[in-house]
Amino acid sequence: MPISPLVDQTIAAIGPLDAEAVAAAEARQGVLTKPPGSLGRLESLSVQLAGILGQPIPQIAGKAVIVVAGDHGVASEGVSAYPAEVTPQMVFNFVAGGAAINALARHAGASITVIDAGVAVDLEPQPGLTIAKVGYGAGNIARGPAMSRDDAIRCLEIGINAANEQAAGTNLIAGGDMGIGNTTPSAAITAAITGADVATVTGRGTGVDDAGLAGKIATIRRALEVNQPDGADGLDVLSKVGGLEIGVLAGVMLGAAARNCAVVVDGFISGAAALIAWRLCPNIAQRYIAAHRSVEPGHNVGLQAMGLTPLLDMDMRLGEGTGAALAMPIIEAAAKTLAEMATFAEAGVSDRDDG
């Protein structure tokens, strides 16, 4: 079913990896001055990058993290240990450069863009902050849908446009999130799309206690019962049990993939957005690089459904794009080993003797 001209065109532009670039990268990996396979996942990652970027020897042109913020009506059900007021406070922290994602993005040499997709209060416009508010928070999914279908489409379009802006000088793009209560819709999305049991995909989020966790699981079960999302339809899942920032992040991923950028998937909320984009366009999974395995149990369930293996396991669960930023230097290192190592012939080193 058509979604909108922009979304449909974007999805249509996401094809398989560039087979010629993949073959050339594999051939070069086979003659570099090392035993085959000795650099492990750096080798396969470099080949994947070649296919994504369409370059036999991939070059990382630039790195960007797009952090999207939105509130959630379901927070009123007591699913988070923090009040909703934290969302706008953290947005200003991002803009001021004082959050964990700012520190890690500076370390990785990545730019940061901050988008207000659905913070529940009006934020004062300022440099470094894009106001693209679709609503004042998503609806309470325990009592009804998160948003209308039209608003879900608008979220995707905002994300696609944001990725298009970044892709002009960047080919490694990650999404980050901010929104109190957003592990609850992320668990609902993951359960709806993967078919996993709610208890299996639900974690403690910001650190709720045992009673809080039990209540959170019950809330997610209620949300799925009330809304009946179709797990085969990413847009339906987004509109019924998603979030405004999650929808924008899914659009960012679609837009980045359509522009032949590598999409670095962060933690649980970004993983839920990745699932939505994947349901809309199965080819996109080939362009995903899973940065890390979140402590949130649903994250690994989602990654496994998409056939992704994370690069890092650091016991992280912050979100914001922090895991993605941490993985960016490793991704760039994979490209540089393929580009900068000498071949056996170039170095005058004898290759192994298979005779």
# chains A, B, ... in the order shown; residues from 1 in each chain; ligands from 1
>>> residues_around(residues="Ala345 (chain A)", least_positions_apart="5", cutoff="9 Å", atoms="only C-alpha atoms", output="list of chain:residue names")
A:Val31, A:Leu32, A:Thr33, A:Ser350, A:Asp351
>>> write_last_selection(atoms="N, CA, C and O atoms", output="PDB file, in the first residue's frame")
ATOM      1  N   VAL A  31      44.258 -10.562  -0.409  1.00  0.00           N
ATOM      2  CA  VAL A  31      45.676 -10.406  -0.748  1.00  0.00           C
ATOM      3  C   VAL A  31      46.386  -9.397   0.148  1.00  0.00           C
ATOM      4  O   VAL A  31      47.531  -9.017  -0.122  1.00  0.00           O
ATOM      5  N   LEU A  32      45.740  -8.946   1.203  1.00  0.00           N
ATOM      6  CA  LEU A  32      46.410  -8.046   2.138  1.00  0.00           C
ATOM      7  C   LEU A  32      47.392  -8.828   3.010  1.00  0.00           C
ATOM      8  O   LEU A  32      47.270 -10.046   3.177  1.00  0.00           O
ATOM      9  N   THR A  33      48.349  -8.114   3.564  1.00  0.00           N
ATOM     10  CA  THR A  33      49.448  -8.764   4.285  1.00  0.00           C
ATOM     11  C   THR A  33      49.019  -9.247   5.669  1.00  0.00           C
ATOM     12  O   THR A  33      49.384  -8.682   6.711  1.00  0.00           O
ATOM     13  N   SER A 350      56.044 -12.591   1.046  1.00  0.00           N
ATOM     14  CA  SER A 350      55.578 -13.854   0.479  1.00  0.00           C
ATOM     15  C   SER A 350      54.225 -14.232   1.042  1.00  0.00           C
ATOM     16  O   SER A 350      53.999 -14.185   2.254  1.00  0.00           O
ATOM     17  N   ASP A 351      53.319 -14.594   0.153  1.00  0.00           N
ATOM     18  CA  ASP A 351      52.001 -15.085   0.571  1.00  0.00           C
ATOM     19  C   ASP A 351      52.164 -16.515   1.078  1.00  0.00           C
ATOM     20  O   ASP A 351      53.220 -17.135   0.907  1.00  0.00           O
TER      21      ASP A 351
END
>>> residues_around(residues="Leu172 (chain A)", least_positions_apart="4", cutoff="6 Å", atoms="only C-alpha atoms", output="ChimeraX atom specification")
/A:63,261-262
>>> write_last_selection(atoms="N, CA and C atoms", output="PDB file, in the first residue's frame")
ATOM      1  N   LYS A  63      30.742  11.586   9.758  1.00  0.00           N
ATOM      2  CA  LYS A  63      29.936  10.835  10.718  1.00  0.00           C
ATOM      3  C   LYS A  63      28.946  11.782  11.377  1.00  0.00           C
ATOM      4  N   CYS A 261      24.195   5.486   2.595  1.00  0.00           N
ATOM      5  CA  CYS A 261      24.953   5.700   3.825  1.00  0.00           C
ATOM      6  C   CYS A 261      24.846   4.453   4.694  1.00  0.00           C
ATOM      7  N   ALA A 262      25.870   4.195   5.488  1.00  0.00           N
ATOM      8  CA  ALA A 262      25.801   3.130   6.478  1.00  0.00           C
ATOM      9  C   ALA A 262      24.976   3.628   7.660  1.00  0.00           C
TER      10      ALA A 262
END
>>> residues_around(residues="region 64-71 of chain A", least_positions_apart="6", cutoff="6 Å", atoms="only C-alpha atoms", output="list of chain:residue names")
A:Ala110, A:Ser111, A:Ile112, A:Thr113, A:Val114, A:Ile115, A:Asp116, A:Ala117, A:Gly118, A:Val119, A:Ala120, A:Gly137, A:Ile173, A:Ala174, A:Gly175, A:Gly176, A:Asp177, A:Met178, A:Gly179, A:Leu244, A:Glu245
>>> write_last_selection(atoms="N, CA, C and O atoms", output="mmCIF file, in the first residue's frame")
data_model
loop_
_atom_site.group_PDB
_atom_site.id
_atom_site.type_symbol
_atom_site.label_atom_id
_atom_site.label_comp_id
_atom_site.auth_asym_id
_atom_site.auth_seq_id
_atom_site.Cartn_x
_atom_site.Cartn_y
_atom_site.Cartn_z
ATOM 1 N N ALA A 110 32.102 13.005 15.313
ATOM 2 C CA ALA A 110 30.790 13.029 14.662
ATOM 3 C C ALA A 110 30.041 14.307 15.008
ATOM 4 O O ALA A 110 30.133 14.811 16.125
ATOM 5 N N SER A 111 29.273 14.802 14.066
ATOM 6 C CA SER A 111 28.407 15.942 14.317
ATOM 7 C C SER A 111 27.141 15.470 15.030
ATOM 8 O O SER A 111 26.787 14.292 14.988
ATOM 9 N N ILE A 112 26.440 16.409 15.673
ATOM 10 C CA ILE A 112 25.176 16.093 16.339
ATOM 11 C C ILE A 112 24.092 17.051 15.848
ATOM 12 O O ILE A 112 24.304 18.264 15.805
ATOM 13 N N THR A 113 22.961 16.493 15.491
ATOM 14 C CA THR A 113 21.757 17.260 15.186
ATOM 15 C C THR A 113 20.693 16.860 16.197
ATOM 16 O O THR A 113 20.510 15.667 16.455
ATOM 17 N N VAL A 114 20.001 17.813 16.789
ATOM 18 C CA VAL A 114 18.962 17.531 17.782
ATOM 19 C C VAL A 114 17.615 17.978 17.218
ATOM 20 O O VAL A 114 17.467 19.118 16.774
ATOM 21 N N ILE A 115 16.638 17.079 17.229
ATOM 22 C CA ILE A 115 15.316 17.351 16.678
ATOM 23 C C ILE A 115 14.259 17.150 17.762
ATOM 24 O O ILE A 115 14.225 16.107 18.423
ATOM 25 N N ASP A 116 13.392 18.142 17.936
ATOM 26 C CA ASP A 116 12.213 18.000 18.785
ATOM 27 C C ASP A 116 11.073 17.503 17.902
ATOM 28 O O ASP A 116 10.499 18.253 17.122
ATOM 29 N N ALA A 117 10.761 16.201 18.037
ATOM 30 C CA ALA A 117 9.669 15.627 17.253
ATOM 31 C C ALA A 117 8.364 15.592 18.031
ATOM 32 O O ALA A 117 7.300 15.484 17.428
ATOM 33 N N GLY A 118 8.471 15.664 19.364
ATOM 34 C CA GLY A 118 7.238 15.529 20.133
ATOM 35 C C GLY A 118 7.418 15.741 21.618
ATOM 36 O O GLY A 118 6.789 15.052 22.433
ATOM 37 N N VAL A 119 8.277 16.678 21.998
ATOM 38 C CA VAL A 119 8.412 17.014 23.422
ATOM 39 C C VAL A 119 7.097 17.656 23.864
ATOM 40 O O VAL A 119 6.475 18.425 23.121
ATOM 41 N N ALA A 120 6.673 17.353 25.087
ATOM 42 C CA ALA A 120 5.332 17.736 25.540
ATOM 43 C C ALA A 120 5.185 19.212 25.884
ATOM 44 O O ALA A 120 4.086 19.658 26.215
ATOM 45 N N GLY A 137 3.864 14.987 22.512
ATOM 46 C CA GLY A 137 3.973 13.641 23.055
ATOM 47 C C GLY A 137 3.056 12.677 22.338
ATOM 48 O O GLY A 137 2.015 13.054 21.782
ATOM 49 N N ILE A 173 25.770 7.369 9.429
ATOM 50 C CA ILE A 173 24.728 8.088 10.150
ATOM 51 C C ILE A 173 24.112 7.195 11.222
ATOM 52 O O ILE A 173 23.768 6.039 10.962
ATOM 53 N N ALA A 174 23.967 7.748 12.416
ATOM 54 C CA ALA A 174 23.337 7.046 13.529
ATOM 55 C C ALA A 174 22.184 7.869 14.065
ATOM 56 O O ALA A 174 22.159 9.094 13.945
ATOM 57 N N GLY A 175 21.230 7.192 14.659
ATOM 58 C CA GLY A 175 20.137 7.860 15.347
ATOM 59 C C GLY A 175 20.296 7.718 16.841
ATOM 60 O O GLY A 175 20.808 6.707 17.338
ATOM 61 N N GLY A 176 19.858 8.733 17.572
ATOM 62 C CA GLY A 176 19.832 8.682 19.025
ATOM 63 C C GLY A 176 18.481 9.153 19.511
ATOM 64 O O GLY A 176 17.730 9.798 18.778
ATOM 65 N N ASP A 177 18.134 8.842 20.741
ATOM 66 C CA ASP A 177 16.790 9.115 21.234
ATOM 67 C C ASP A 177 16.821 9.797 22.594
ATOM 68 O O ASP A 177 17.775 9.679 23.346
ATOM 69 N N MET A 178 15.742 10.517 22.872
ATOM 70 C CA MET A 178 15.474 11.023 24.214
ATOM 71 C C MET A 178 13.969 11.091 24.403
ATOM 72 O O MET A 178 13.277 11.719 23.602
ATOM 73 N N GLY A 179 13.473 10.433 25.440
ATOM 74 C CA GLY A 179 12.045 10.485 25.713
ATOM 75 C C GLY A 179 11.697 9.623 26.901
ATOM 76 O O GLY A 179 11.778 8.382 26.822
ATOM 77 N N LEU A 244 6.690 9.334 18.686
ATOM 78 C CA LEU A 244 7.018 10.323 17.662
ATOM 79 C C LEU A 244 8.505 10.308 17.332
ATOM 80 O O LEU A 244 8.895 10.359 16.165
ATOM 81 N N GLU A 245 9.356 10.234 18.362
ATOM 82 C CA GLU A 245 10.791 10.206 18.087
ATOM 83 C C GLU A 245 11.214 8.892 17.446
ATOM 84 O O GLU A 245 12.137 8.844 16.626
#
>>> residues_around(residues="Ile289 (chain A)", least_positions_apart="5", cutoff="7 Å", atoms="only C-alpha atoms", output="NGL selection string")
:A and (263-265)
>>> residues_around(residues="Gly319 (chain A)", least_positions_apart="2", cutoff="12 Å", atoms="only C-alpha atoms", output="PyMOL selection string")
chain A and resi 65+67-69+99-101+174-180+182-183+186+205-206+265-272+291-296+299+315-317+321-326
>>> closest_residue(among="A:Ala256, A:Ala274, A:Met328, A:Ala12", to="Gln166 (chain A)", atoms="only C-alpha atoms")
A:Ala256
>>> closest_residue(among="A:Ser4, A:Thr184, A:Asn300, A:Thr337", to="Arg221 (chain A)", atoms="only C-alpha atoms")
A:Thr184
>>> residues_around(residues="Arg287 (chain A)", least_positions_apart="3", cutoff="10 Å", atoms="only C-alpha atoms", output="VMD selection string")
chain A and resid 14 to 17 48 to 49 51 to 53 253 to 254 256 to 258 260 to 265 283 to 284 290
>>> write_last_selection(atoms="C-alpha atoms", output="compact mmCIF listing (two decimals), in the first residue's frame")
# COMPACT_ATOMS: atom_id res chain seq x y z
CA ILE A 14 16.98 1.04 -1.10
CA GLY A 15 18.25 -1.94 -3.04
CA PRO A 16 20.70 -4.76 -2.32
CA LEU A 17 24.35 -4.02 -1.64
CA GLN A 48 29.80 -4.59 4.02
CA LEU A 49 30.84 -0.94 3.94
CA GLY A 51 28.64 -2.73 -0.63
CA ILE A 52 26.72 -0.04 1.24
CA LEU A 53 28.75 2.88 -0.05
CA MET A 253 17.28 5.15 8.79
CA LEU A 254 15.26 4.90 5.59
CA ALA A 256 20.22 7.35 5.13
CA ALA A 257 19.98 3.93 3.50
CA ALA A 258 18.43 5.41 0.35
CA ASN A 260 23.87 4.82 0.31
CA CYS A 261 24.95 5.70 3.82
CA ALA A 262 25.80 3.13 6.48
CA VAL A 263 23.16 3.16 9.23
CA VAL A 264 24.59 2.64 12.71
CA VAL A 265 21.91 1.21 14.99
CA ASN A 283 16.50 -4.63 2.15
CA ILE A 284 17.51 -2.04 4.72
CA ALA A 290 24.50 -2.88 14.98
>>> select_by_dssp(residues="region 64-310 of chain A", states="helix (DSSP H, G or I)", output="ChimeraX atom specification")
/A:73-77,86-96,100-108,149-166,183-194,198-201,210-227,234-241,244-258,268-280,282-287,297-305
>>> select_by_dssp(residues="region 116-275 of chain A", states="strand (DSSP E)", output="JSON, numbers by chain")
{"A": [116, 117, 118, 129, 130, 131, 172, 173, 174, 175, 176, 177, 178, 262, 263, 264, 265]}
>>> atom_distance(atom1="CA of Val241 (chain A)", atom2="CA of Met147 (chain A)")
8.2 Å
>>> atom_distance(atom1="CA of Ile158 (chain A)", atom2="CA of Pro83 (chain A)")
26.7 Å
>>> residues_around(residues="Ala339 (chain A)", least_positions_apart="3", cutoff="10 Å", atoms="only C-alpha atoms", output="mmCIF file with C-alpha atoms, in the first residue's frame")
data_model
loop_
_atom_site.group_PDB
_atom_site.id
_atom_site.type_symbol
_atom_site.label_atom_id
_atom_site.label_comp_id
_atom_site.auth_asym_id
_atom_site.auth_seq_id
_atom_site.Cartn_x
_atom_site.Cartn_y
_atom_site.Cartn_z
ATOM 1 C CA ALA A 25 36.573 -5.646 -1.443
ATOM 2 C CA ARG A 28 41.449 -7.186 -1.840
ATOM 3 C CA GLN A 29 40.946 -8.632 1.631
ATOM 4 C CA LEU A 32 46.410 -8.046 2.138
ATOM 5 C CA SER A 46 34.914 -3.487 5.492
ATOM 6 C CA PRO A 56 35.450 -1.094 -3.676
ATOM 7 C CA ILE A 57 37.692 0.645 -1.129
ATOM 8 C CA PRO A 58 35.195 2.420 1.152
ATOM 9 C CA GLN A 59 36.018 5.837 2.566
ATOM 10 C CA ALA A 333 38.999 1.414 11.365
ATOM 11 C CA ALA A 334 37.531 -1.407 9.290
ATOM 12 C CA ALA A 335 37.471 0.828 6.225
ATOM 13 C CA LYS A 336 41.015 2.042 6.855
ATOM 14 C CA ALA A 342 49.554 -3.182 1.613
#
>>> atom_distance(atom1="CA of Thr190 (chain A)", atom2="CA of Gly298 (chain A)")
6.7 Å
>>> closest_residue(among="A:Gly234, A:Gly78, A:Gly302, A:Pro35", to="Gly207 (chain A)", atoms="only C-alpha atoms")
A:Gly78
>>> closest_residue(among="A:Leu42, A:Ala24, A:Ile189, A:Ile131", to="Gln55 (chain A)", atoms="only C-alpha atoms")
A:Ala24
>>> closest_residue(among="A:Thr87, A:Ser80, A:Gly247, A:Ala13", to="Leu123 (chain A)", atoms="only C-alpha atoms")
A:Thr87
